[in-house]
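Below is the file start.txt, which contains compact mmCIF, C-alpha atoms.
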```txt
# COMPACT_ATOMS: atom_id res chain seq x y z
CA MET A 1 48.94 38.94 -47.41
CA THR A 2 49.95 42.12 -45.60
CA SER A 3 52.03 42.09 -42.46
CA ALA A 4 49.00 43.32 -40.51
CA SER A 5 46.80 40.49 -41.73
CA LYS A 6 49.56 37.99 -40.93
CA MET A 7 49.60 39.25 -37.36
CA ALA A 8 45.83 38.91 -37.13
CA MET A 9 46.14 35.24 -37.98
CA ASP A 10 48.96 34.60 -35.47
CA PRO A 11 47.55 33.22 -32.20
CA SER A 12 50.68 34.28 -30.34
CA ALA A 13 49.87 37.92 -31.08
CA PHE A 14 47.37 37.99 -28.26
CA TYR A 15 46.98 34.42 -27.10
CA ASN A 16 43.62 32.73 -27.11
CA LEU A 17 40.45 34.31 -25.76
CA ASN A 18 37.84 32.01 -24.33
CA ASN A 19 34.87 31.99 -22.03
CA GLY A 20 35.88 34.57 -19.42
CA ILE A 21 34.58 34.05 -15.91
CA SER A 22 35.68 37.18 -14.13
CA VAL A 23 36.46 40.81 -14.80
CA ILE A 24 38.53 40.95 -11.62
CA LYS A 25 41.62 40.67 -13.81
CA SER A 26 41.13 42.99 -16.72
CA CYS A 27 43.51 43.87 -19.52
CA VAL A 28 43.55 47.47 -20.66
CA ILE A 29 44.93 47.86 -24.18
CA ASN A 30 45.90 51.30 -25.42
CA CYS A 31 45.10 51.36 -29.13
CA ARG A 32 46.05 54.94 -29.95
CA ARG A 33 49.22 53.93 -31.77
CA ALA A 34 47.80 50.75 -33.28
CA THR A 35 47.51 50.49 -37.06
CA CYS A 36 43.83 49.56 -36.81
CA PHE A 37 41.34 47.67 -34.71
CA SER A 38 41.74 43.98 -35.52
CA VAL A 39 38.79 42.54 -37.41
CA SER A 40 39.06 39.37 -35.33
CA LEU A 41 39.12 41.01 -31.89
CA ALA A 42 41.45 38.17 -30.91
CA THR A 43 44.49 40.31 -31.64
CA ILE A 44 45.34 43.97 -31.70
CA ILE A 45 47.04 44.66 -35.02
CA CYS A 46 49.99 46.96 -34.68
CA PRO A 47 53.37 47.37 -36.41
CA ASN A 48 55.16 46.47 -33.19
CA ARG A 49 53.75 44.62 -30.19
CA ASP A 50 55.65 47.01 -27.93
CA ASN A 51 53.23 49.71 -29.08
CA VAL A 52 50.37 47.91 -27.37
CA THR A 53 50.20 48.59 -23.65
CA ALA A 54 48.64 45.69 -21.77
CA ARG A 55 48.54 45.41 -18.01
CA LEU A 56 46.60 43.38 -15.51
CA ARG A 57 44.69 45.28 -12.88
CA THR A 58 41.61 45.23 -10.75
CA PHE A 59 38.96 46.95 -12.82
CA LEU A 60 36.54 48.95 -10.70
CA GLY A 61 34.20 49.86 -13.51
CA ILE A 62 35.48 53.33 -14.37
CA PRO A 63 36.86 53.67 -17.91
CA LYS A 64 39.38 56.51 -17.91
CA GLU A 65 38.05 57.83 -21.24
CA PHE A 66 34.53 58.16 -19.82
CA PRO A 67 34.87 58.64 -16.03
CA GLU A 68 31.21 59.70 -15.79
CA ILE A 69 30.00 56.10 -16.30
CA ARG A 70 30.37 52.76 -14.51
CA ILE A 71 30.46 49.27 -16.06
CA ASP A 72 29.92 45.99 -14.19
CA TYR A 73 30.81 47.41 -10.76
CA PHE A 74 28.18 49.25 -8.73
CA LYS A 75 29.59 49.77 -5.26
CA GLU A 76 30.24 53.29 -4.01
CA GLN A 77 33.83 54.35 -4.46
CA PRO A 78 35.16 57.03 -2.11
CA GLY A 79 36.97 59.84 -3.86
CA THR A 80 35.03 59.51 -7.11
CA LEU A 81 32.07 61.49 -8.41
CA PRO A 82 28.72 59.67 -8.65
CA PRO A 83 28.14 58.11 -12.08
CA LYS A 84 25.74 59.62 -14.60
CA ALA A 85 24.97 56.28 -16.26
CA CYS A 86 25.78 52.62 -15.55
CA PHE A 87 26.08 49.52 -17.72
CA LEU A 88 25.76 45.79 -17.02
CA SER A 89 27.24 43.27 -19.48
CA HIS A 90 25.61 40.08 -18.13
CA ILE A 91 24.15 38.38 -15.05
CA HIS A 92 27.07 36.38 -13.65
CA SER A 93 27.54 37.27 -9.99
CA ASP A 94 31.08 38.66 -10.27
CA HIS A 95 29.67 41.46 -12.45
CA LEU A 96 26.80 42.35 -10.11
CA GLN A 97 28.68 43.73 -7.11
CA GLY A 98 26.69 46.50 -5.47
CA LEU A 99 23.46 45.98 -7.42
CA ASP A 100 21.61 44.35 -4.53
CA ASN A 101 21.38 47.69 -2.71
CA TYR A 102 21.95 49.99 -5.67
CA ILE A 103 20.81 53.60 -5.56
CA GLY A 104 21.89 55.49 -8.63
CA PRO A 105 21.16 56.38 -12.25
CA VAL A 106 19.74 54.11 -14.95
CA VAL A 107 21.57 50.82 -15.59
CA TYR A 108 21.66 49.93 -19.30
CA CYS A 109 21.78 46.29 -20.40
CA SER A 110 20.39 43.86 -22.99
CA PRO A 111 16.71 42.81 -22.95
CA ALA A 112 17.52 39.26 -21.75
CA THR A 113 19.80 40.53 -18.97
CA LYS A 114 17.02 42.74 -17.64
CA LYS A 115 14.43 39.95 -17.53
CA LEU A 116 16.80 37.38 -16.04
CA LEU A 117 18.25 39.69 -13.41
CA LEU A 118 14.84 40.61 -12.02
CA ARG A 119 14.02 36.89 -11.52
CA LEU A 120 17.23 35.77 -9.80
CA GLU A 121 16.54 34.33 -6.34
CA LYS A 122 18.65 33.62 -3.29
CA LYS A 123 19.88 30.04 -3.43
CA SER A 124 18.89 29.16 0.13
CA ALA A 125 15.29 30.25 -0.44
CA ARG A 126 14.86 28.52 -3.77
CA LEU A 127 16.35 25.27 -2.40
CA THR A 128 13.86 25.43 0.47
CA ARG A 129 11.02 25.69 -2.03
CA LEU A 130 12.42 22.99 -4.35
CA CYS A 131 13.52 20.43 -1.78
CA ASN A 132 10.79 20.79 0.83
CA GLY A 133 7.89 21.81 -1.36
CA VAL A 134 7.37 24.86 0.83
CA GLU A 135 5.32 27.61 -0.76
CA ILE A 136 7.13 30.79 0.17
CA GLU A 137 7.39 34.12 -1.56
CA PRO A 138 10.32 34.14 -4.03
CA GLN A 139 13.20 36.14 -2.55
CA ARG A 140 14.39 37.91 -5.65
CA MET A 141 17.79 39.42 -5.05
CA TYR A 142 17.47 42.42 -7.37
CA ARG A 143 13.81 43.33 -7.01
CA ASN A 144 14.97 46.77 -5.83
CA LEU A 145 15.76 47.49 -9.50
CA GLY A 146 12.29 46.65 -10.82
CA PRO A 147 9.09 48.66 -11.27
CA GLU A 148 7.46 47.03 -8.22
CA HIS A 149 9.65 49.30 -6.08
CA GLY A 150 8.42 52.38 -7.90
CA ARG A 151 11.58 52.91 -9.91
CA ASP A 152 12.43 50.89 -13.02
CA VAL A 153 16.22 51.22 -12.88
CA LEU A 154 17.08 48.75 -15.66
CA ARG A 155 16.77 49.98 -19.24
CA ALA A 156 17.12 47.47 -22.06
CA ILE A 157 18.90 48.39 -25.30
CA PRO A 158 18.58 46.15 -28.38
CA TYR A 159 21.71 44.67 -29.90
CA ASN A 160 23.45 46.34 -32.86
CA THR A 161 21.55 49.58 -32.40
CA PRO A 162 23.60 52.74 -31.75
CA THR A 163 21.77 54.49 -28.92
CA THR A 164 22.36 58.05 -27.75
CA ILE A 165 22.49 58.46 -23.97
CA GLU A 166 22.50 61.95 -22.52
CA LEU A 167 24.79 62.18 -19.50
CA ASP A 168 23.98 65.85 -18.88
CA PRO A 169 22.69 68.76 -21.02
CA CYS A 170 26.18 69.29 -22.45
CA GLN A 171 27.38 65.71 -22.83
CA ALA A 172 26.12 62.60 -24.61
CA ILE A 173 27.58 59.24 -25.63
CA THR A 174 26.54 56.68 -28.22
CA VAL A 175 26.39 53.09 -26.99
CA THR A 176 26.08 49.96 -29.14
CA LEU A 177 25.55 46.48 -27.70
CA LEU A 178 27.41 43.64 -29.47
CA GLU A 179 26.90 39.92 -28.86
CA ALA A 180 29.56 38.51 -26.49
CA ASN A 181 28.94 34.75 -26.98
CA HIS A 182 29.12 34.05 -23.25
CA CYS A 183 25.68 33.51 -21.70
CA PRO A 184 22.07 34.64 -22.33
CA GLY A 185 22.00 38.42 -22.67
CA SER A 186 25.78 38.87 -22.51
CA THR A 187 27.06 41.87 -24.40
CA MET A 188 30.06 43.98 -25.26
CA PHE A 189 29.71 47.76 -25.16
CA LEU A 190 31.03 50.02 -27.92
CA ILE A 191 31.00 53.49 -26.36
CA GLU A 192 31.67 56.57 -28.48
CA ASN A 193 31.46 60.35 -28.58
CA ASP A 194 32.88 62.87 -31.03
CA ASN A 195 36.40 62.54 -29.62
CA LYS A 196 36.81 59.08 -28.09
CA ALA A 197 35.80 55.46 -28.52
CA ILE A 198 36.28 52.39 -26.35
CA LEU A 199 35.22 48.76 -26.47
CA TYR A 200 34.38 47.03 -23.21
CA THR A 201 34.21 43.29 -23.85
CA GLY A 202 32.95 41.96 -20.54
CA ASP A 203 33.28 38.16 -20.65
CA ILE A 204 33.59 36.85 -24.20
CA ARG A 205 34.22 33.59 -26.01
CA ALA A 206 36.13 34.49 -29.17
CA GLU A 207 35.30 31.56 -31.44
CA ASP A 208 35.82 31.69 -35.20
CA TRP A 209 32.14 32.19 -36.09
CA TRP A 210 31.84 34.99 -33.53
CA ARG A 211 34.88 36.83 -34.87
CA GLU A 212 33.44 36.46 -38.37
CA SER A 213 30.15 37.95 -37.17
CA LEU A 214 32.08 41.01 -35.97
CA ARG A 215 33.80 41.30 -39.33
CA ARG A 216 30.38 41.24 -40.99
CA ASN A 217 28.79 43.74 -38.61
CA PRO A 218 28.27 46.99 -40.57
CA ILE A 219 28.51 49.07 -37.39
CA LEU A 220 32.13 47.95 -36.98
CA VAL A 221 33.19 48.49 -40.60
CA PRO A 222 34.72 51.94 -39.86
CA TYR A 223 36.93 50.25 -37.26
CA THR A 224 37.81 47.12 -39.21
CA ARG A 225 38.76 49.28 -42.21
CA GLY A 226 40.84 51.64 -40.11
CA TRP A 227 38.72 54.75 -40.72
CA LYS A 228 38.03 55.02 -37.00
CA ARG A 229 40.31 54.18 -34.08
CA LEU A 230 39.52 52.78 -30.67
CA ASP A 231 41.25 54.64 -27.86
CA CYS A 232 41.11 51.62 -25.57
CA ILE A 233 39.83 48.05 -25.32
CA TYR A 234 38.83 46.85 -21.86
CA LEU A 235 39.39 43.13 -22.33
CA ASP A 236 38.65 40.34 -19.90
CA THR A 237 41.78 38.18 -19.50
CA THR A 238 40.71 35.45 -17.09
CA PHE A 239 41.99 32.72 -19.40
CA CYS A 240 44.76 34.65 -21.17
CA GLY A 241 48.40 34.18 -20.34
CA PRO A 242 51.80 33.09 -21.63
CA SER A 243 51.46 29.57 -20.17
CA PRO A 244 50.74 26.69 -22.60
CA THR A 245 47.75 25.96 -20.33
CA TYR A 246 45.92 28.87 -21.95
CA GLU A 247 46.75 28.12 -25.59
CA THR A 248 44.07 25.57 -26.45
CA PHE A 249 40.35 25.70 -25.73
CA PRO A 250 37.73 23.60 -27.52
CA SER A 251 34.91 25.46 -29.20
CA LYS A 252 31.37 24.97 -27.99
CA THR A 253 30.57 22.86 -31.05
CA GLN A 254 33.66 20.68 -30.59
CA GLY A 255 32.89 20.26 -26.93
CA ILE A 256 29.27 19.31 -27.41
CA GLY A 257 30.21 16.90 -30.21
CA LEU A 258 32.83 15.16 -28.08
CA LEU A 259 30.45 14.87 -25.15
CA ILE A 260 27.72 13.36 -27.33
CA SER A 261 30.25 10.85 -28.70
CA GLU A 262 31.18 9.90 -25.14
CA ILE A 263 27.53 9.51 -24.08
CA LYS A 264 26.88 7.18 -27.03
CA LYS A 265 29.36 4.70 -25.52
CA TYR A 266 27.05 4.08 -22.55
CA PRO A 267 24.01 1.76 -22.45
CA ARG A 268 20.90 3.51 -23.76
CA ASP A 269 19.22 3.51 -20.35
CA THR A 270 22.12 5.30 -18.59
CA VAL A 271 21.04 8.37 -16.62
CA PHE A 272 23.10 11.57 -16.90
CA HIS A 273 23.16 14.73 -14.82
CA PHE A 274 24.77 17.89 -16.24
CA ASN A 275 25.99 20.41 -13.72
CA ALA A 276 24.82 23.63 -15.37
CA TRP A 277 25.76 25.54 -12.25
CA THR A 278 25.43 28.96 -13.87
CA TYR A 279 24.07 30.53 -17.04
CA GLY A 280 25.82 29.75 -20.33
CA TYR A 281 25.21 26.02 -20.84
CA GLU A 282 22.06 26.37 -22.93
CA ASP A 283 23.77 25.29 -26.18
CA LEU A 284 24.64 22.01 -24.47
CA TRP A 285 21.00 21.32 -23.62
CA ILE A 286 19.92 22.06 -27.19
CA GLY A 287 22.69 19.87 -28.65
CA LEU A 288 21.82 16.92 -26.41
CA ALA A 289 18.10 17.22 -27.14
CA SER A 290 18.79 17.24 -30.87
CA ALA A 291 21.26 14.34 -30.81
CA PHE A 292 19.13 11.99 -28.70
CA ASN A 293 15.63 13.27 -29.54
CA ALA A 294 15.10 13.73 -25.83
CA LYS A 295 14.07 16.34 -23.29
CA ILE A 296 16.32 17.84 -20.62
CA HIS A 297 14.81 17.84 -17.14
CA VAL A 298 15.28 21.04 -15.13
CA ASP A 299 13.75 22.19 -11.86
CA LYS A 300 10.83 24.63 -11.73
CA TYR A 301 13.01 27.61 -10.86
CA ARG A 302 15.24 27.16 -13.92
CA TYR A 303 12.32 26.46 -16.20
CA GLU A 304 10.54 29.65 -15.17
CA ILE A 305 13.76 31.64 -15.54
CA PHE A 306 14.04 30.60 -19.17
CA GLN A 307 10.32 31.04 -19.75
CA SER A 308 10.86 34.71 -18.93
CA VAL A 309 13.15 35.01 -21.98
CA GLY A 310 11.13 32.67 -24.18
CA ASP A 311 10.50 35.29 -26.86
CA ALA A 312 13.06 35.09 -29.68
CA SER A 313 13.23 38.90 -29.75
CA VAL A 314 14.61 38.77 -26.20
CA TYR A 315 16.82 35.65 -26.39
CA GLU A 316 17.39 33.80 -29.64
CA HIS A 317 17.33 30.32 -28.04
CA GLY A 318 14.31 31.06 -25.83
CA PRO A 319 11.69 29.31 -28.00
CA CYS A 320 13.96 26.29 -28.46
CA LEU A 321 14.23 25.90 -24.69
CA THR A 322 10.66 26.46 -23.49
CA GLY A 323 8.62 26.34 -26.68
CA TYR A 324 6.36 28.78 -28.48
CA SER A 325 2.80 29.11 -29.75
CA ALA A 326 0.86 31.12 -32.32
CA LEU A 327 -2.68 32.36 -32.73
CA SER A 328 -5.02 30.16 -34.76
CA MET A 329 -6.30 31.45 -38.09
CA ASP A 330 -9.54 32.65 -36.50
CA ARG A 331 -7.45 34.20 -33.69
CA CYS A 332 -9.63 32.53 -31.05
CA GLU A 333 -6.96 30.40 -29.42
CA ARG A 334 -3.23 29.85 -29.25
CA ILE A 335 -1.77 26.74 -30.87
CA LEU A 336 1.36 25.19 -29.38
CA LEU A 337 3.89 24.80 -32.18
CA SER A 338 6.87 23.64 -30.11
CA GLU A 339 7.20 22.37 -26.55
CA GLY A 340 10.88 23.23 -26.35
CA CYS A 341 13.64 20.91 -25.18
CA LEU A 342 13.31 21.58 -21.43
CA THR A 343 10.82 19.69 -19.28
CA LEU A 344 9.58 19.66 -15.69
CA ASP A 345 8.80 15.92 -15.86
CA PRO A 346 11.75 13.94 -14.44
CA SER A 347 10.32 10.60 -15.53
CA CYS A 348 10.21 11.32 -19.26
CA THR A 349 13.97 11.57 -19.87
CA ARG A 350 17.35 10.22 -18.79
CA PHE A 351 19.01 13.63 -19.13
CA HIS A 352 18.85 15.91 -16.10
CA SER A 353 20.16 19.39 -15.35
CA CYS A 354 18.12 20.16 -12.25
CA GLU A 355 19.49 21.80 -9.09
CA ARG A 356 22.14 19.56 -7.52
CA GLY A 357 20.54 19.71 -4.06
CA TYR A 358 17.13 18.83 -5.49
CA VAL A 359 15.78 15.30 -4.89
CA CYS A 360 14.95 14.26 -8.43
CA GLU A 361 12.71 11.25 -9.05
CA GLY A 362 14.49 10.57 -12.32
CA ARG A 363 17.84 10.12 -10.53
CA ALA A 364 16.79 8.68 -7.17
CA GLY A 365 18.02 5.13 -6.62
CA ARG A 366 19.75 4.91 -9.99
CA GLN A 367 23.38 4.87 -11.04
CA VAL A 368 24.04 8.27 -12.54
CA VAL A 369 26.86 9.67 -14.66
CA TYR A 370 27.50 13.19 -13.34
CA VAL A 371 29.02 15.59 -15.86
CA HIS A 372 30.90 18.57 -14.44
CA PRO A 373 32.35 21.57 -16.28
CA ALA A 374 36.02 22.28 -16.89
CA VAL A 375 37.64 25.05 -18.92
CA ASN A 376 40.00 22.67 -20.67
CA SER A 377 41.84 19.46 -19.81
CA GLN A 378 44.01 21.27 -17.24
CA ILE A 379 41.68 23.88 -15.71
CA ARG A 380 38.56 23.25 -13.66
CA GLU A 381 35.85 25.82 -14.01
CA PRO A 382 35.79 28.21 -11.04
CA GLY A 383 32.57 28.01 -9.05
CA ALA A 384 31.37 24.68 -10.44
CA GLY A 385 31.67 23.01 -7.02
CA TYR A 386 33.12 19.60 -7.78
CA PRO A 387 31.58 17.15 -5.29
CA ARG A 388 33.30 14.18 -3.78
CA LYS A 389 32.61 11.02 -5.74
CA ALA A 390 29.77 8.94 -4.42
CA SER A 391 29.90 5.15 -4.59
CA GLY A 392 28.42 3.71 -7.76
CA ASN A 393 28.47 6.97 -9.69
CA GLU A 394 30.70 8.12 -12.50
CA TYR A 395 32.08 11.58 -13.21
CA ILE A 396 32.93 13.16 -16.54
CA SER A 397 34.85 16.42 -16.91
CA LEU A 398 32.79 18.70 -19.10
CA SER A 399 34.70 21.53 -20.80
CA SER A 400 33.22 25.01 -20.50
CA LEU A 401 30.10 24.45 -22.54
CA ALA A 402 31.08 20.95 -22.87
CA THR A 403 33.83 18.54 -22.68
CA MET A 404 37.25 17.08 -22.65
CA CYS A 405 35.13 14.05 -21.81
CA GLN A 406 37.62 12.24 -19.61
CA ALA A 407 35.61 9.80 -17.51
CA ARG A 408 36.88 9.28 -14.00
CA ARG A 409 35.57 6.09 -12.43
CA ASN A 410 35.24 5.63 -8.71
```

Kindly transcribe the structure held in the file into C-alpha cells.
Amino acid sequence: MTSASKMAMDPSAFYNLNNGISVIKSCVINCRRATCFSVSLATIICPNRDNVTARLRTFLGIPKEFPEIRIDYFKEQPGTLPPKACFLSHIHSDHLQGLDNYIGPVVYCSPATKKLLLRLEKKSARLTRLCNGVEIEPQRMYRNLGPEHGRDVLRAIPYNTPTTIELDPCQAITVTLLEANHCPGSTMFLIENDNKAILYTGDIRAEDWWRESLRRNPILVPYTRGWKRLDCIYLDTTFCGPSPTYETFPSKTQGIGLLISEIKKYPRDTVFHFNAWTYGYEDLWIGLASAFNAKIHVDKYRYEIFQSVGDASVYEHGPCLTGYSALSMDRCERILLSEGCLTLDPSCTRFHSCERGYVCEGRAGRQVVYVHPAVNSQIREPGAGYPRKASGNEYISLSSLATMCQARRN
C-alpha cells in the first residue's frame, strides 16, 4: 500500500464528512500542490497535510477560479459584476437566499431540484389549507422562476453528463452534476475549462457506497488517477471539526436498521410519527414500509410534492414513494403497477409523517411515539424544532436519516 493510499484510508486526514446542513461555513481546499484528488473525496491526498490550505469562511457563492458564476447564493453583492450563469445544488432553504426575488441569468440545477423548487409553498399558507380545509390558491415561493411568469429561469441538467455552458462568445465552461447523497435532487458541481477545474460539493453525506460510486464514475477517472488536477474543492464543513463530537456518524442504513429494531420492541398497535421536517428522509420512509409491510401517511402537500418527481428519470425513488403505472398491451388504458409506500389515508397505517401542525385522524386521541431527528448522539439536527414533551407521549431521537434510537420517556 502506498503512502498516498494509506492517507486516503486514515479518517484523521480530513475527519468525517456527513449530512451537511449549511454552506454558511465552507471549507476551501487548495489542491494545486496535492499529489492527486482523493478517490474517496473524504480526504485530500497530499505528501504533507501542511500543503493543503483549509479555512472556514462565509461563502457568498463566488468561486475565485470562476468569478463569472454564482453557486447557492443569489442575492446582489455590491462591488461585484453581475453573474453570467448561476447554479443551485439543492432545495434546502439555506441555499436559496435571493431566489424568491431573483432577476438574473439562467440557474442550472438537477431535474428533481427544478420540479421541487417550483412547488415549494409558504408554510403559513399550506398550514391554513391543511388544518382548516380552506381552498386557497397555493402560494408558491419561487413561481417567479417558472414559465408561468414568462421566463423559465431554471434549466435542468442530467447527472453525469458533461454539459458546455457558454458564458459569453469568448468563454465557456463544462459542468457535470454528481450525486451528493443528501436529499432529492442534491448535486455536486464539477466545473472545468481548459485551464482550471473545481469541485463544489454543496451538502454531501460521504458514506462508503457513495465514495465507491465516485471511484467507479468514469468521468472522474482522470482525477482519481492523477492525470488531471482540481484547483480547488469547495467543501461544506458543517459537521467537520477536530472535536470527538464530529468523529462518528451512523450511516443511513445503520440508522434505519437501529430505528426499526427499536420500533419492534413496541406493541404492534403503537402509533409513530416521524418528524421529516425537511427533504432528505425519504430512505427512512422506504425502509419502514419495507420492514413492516405498511404505508407511511403524509399530508396532501407532501404527497403532491413527491408526485411531481414520481418519474424515475427525475428522482430514482419517485416511483417507490408515489407509485407508477404502465400502458396496457392494447394501449387503451394505464395499469397501476405499484401504489408506492406513501398514502393520504391516515386510517390505514400506524406510521405517520404528516405536517406536525396538521390534525391527523390517525394520531388524534392516541398515545403516539414521536421520532425526532438528531445528527448523532450528541448533536441535535438544526431546524428540526424539538417540541416540549406532551403528557402520555414518548420521544425518540432519530439520527439524521435515522437514529441513535434513545427513547426519552416523559

Nearest-residue call for Leu127 in chain A, choices A:Glu76, A:Asp345, A:Glu148, A:Glu355, using only C-alpha atoms: A:Glu355

Nearest to Gln254 in chain A, chosen from A:Gly287, A:Leu177, A:Arg350, A:His297, with all atoms listed in the file counted in the distances: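 Using all atoms listed in the file, the shortest distance to Gln254 in chain A belongs to A:Gly287.
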
Among the residues A:Ala112, A:Met141, A:Ile286, A:Ala156, the one that comes closest to Asp311 in chain A [using all atoms listed in the file]: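 Selected residue with least distance to Asp311 in chain A: A:Ala112.
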
Residues near Pro162 in chain A, cut-off 12 Å, all atoms listed in the file, skip fewer than 3 positions along chain, as a PyMOL selection string: chain A and resi 157-159+165+173-178+189-193+218-220

Protein and nucleic acid residues near (15.7, 30.2, -21.3) (cut-off 6 Å, all atoms listed in the file) as a list in words: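 The answer, in the requested form, is Phe306, Gln307, Val309, Gly310, Gly318 and Leu321 of chain A.
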
Pairwise distance for CA of Leu337 in chain A and CA of Trp209 in chain A, rounded to one decimal in Å: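 So the answer is 29.5 Å.
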
Coordinates-based distance that separates CA of Phe351 in chain A from CA of His182 in chain A (Å, one decimal):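 That distance, rounded to one decimal, is 23.2 Å.
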
Between CA of Glu65 in chain A and CA of Leu235 in chain A - distance in Å to one decimal: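 Interatomic distance, CA of Leu235 in chain A to CA of Glu65 in chain A: 14.8 Å.
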
Select from range 207-283 of chain A every residue with an atom at most 10 Å from any atom of range 361-377 of chain A, then for each give the shortest pair of atoms and their distance in Å to one decimal, using only C-alpha atoms, rows by chain and rising number, as JSON lines.
```
{"residue": "A:Phe239", "atom": "CA", "partner": "A:Val375", "partner_atom": "CA", "distance": 8.8}
{"residue": "A:Thr245", "atom": "CA", "partner": "A:Asn376", "partner_atom": "CA", "distance": 8.4}
{"residue": "A:Tyr246", "atom": "CA", "partner": "A:Asn376", "partner_atom": "CA", "distance": 8.7}
{"residue": "A:Glu247", "atom": "CA", "partner": "A:Asn376", "partner_atom": "CA", "distance": 10.0}
{"residue": "A:Thr248", "atom": "CA", "partner": "A:Asn376", "partner_atom": "CA", "distance": 7.6}
{"residue": "A:Phe249", "atom": "CA", "partner": "A:Asn376", "partner_atom": "CA", "distance": 5.9}
{"residue": "A:Pro250", "atom": "CA", "partner": "A:Asn376", "partner_atom": "CA", "distance": 7.3}
{"residue": "A:Gly255", "atom": "CA", "partner": "A:Asn376", "partner_atom": "CA", "distance": 9.8}
{"residue": "A:Leu259", "atom": "CA", "partner": "A:Val371", "partner_atom": "CA", "distance": 9.4}
{"residue": "A:Ile263", "atom": "CA", "partner": "A:Val369", "partner_atom": "CA", "distance": 9.4}
{"residue": "A:Tyr266", "atom": "CA", "partner": "A:Val369", "partner_atom": "CA", "distance": 9.7}
{"residue": "A:Thr270", "atom": "CA", "partner": "A:Val368", "partner_atom": "CA", "distance": 7.0}
{"residue": "A:Val271", "atom": "CA", "partner": "A:Val368", "partner_atom": "CA", "distance": 5.1}
{"residue": "A:Phe272", "atom": "CA", "partner": "A:Val369", "partner_atom": "CA", "distance": 4.8}
{"residue": "A:His273", "atom": "CA", "partner": "A:Tyr370", "partner_atom": "CA", "distance": 4.8}
{"residue": "A:Phe274", "atom": "CA", "partner": "A:Val371", "partner_atom": "CA", "distance": 4.8}
{"residue": "A:Asn275", "atom": "CA", "partner": "A:His372", "partner_atom": "CA", "distance": 5.3}
{"residue": "A:Ala276", "atom": "CA", "partner": "A:Pro373", "partner_atom": "CA", "distance": 7.9}
{"residue": "A:Trp277", "atom": "CA", "partner": "A:Pro373", "partner_atom": "CA", "distance": 8.7}
{"residue": "A:Tyr281", "atom": "CA", "partner": "A:Pro373", "partner_atom": "CA", "distance": 9.6}
```

Long-range neighbours of Phe74 in chain A as number ranges by chain, 12 Å cut-off, all atoms listed in the file, 2 positions minimum in chain: A: 59-62, 69-72, 76-77, 82-83, 85-88, 94-107
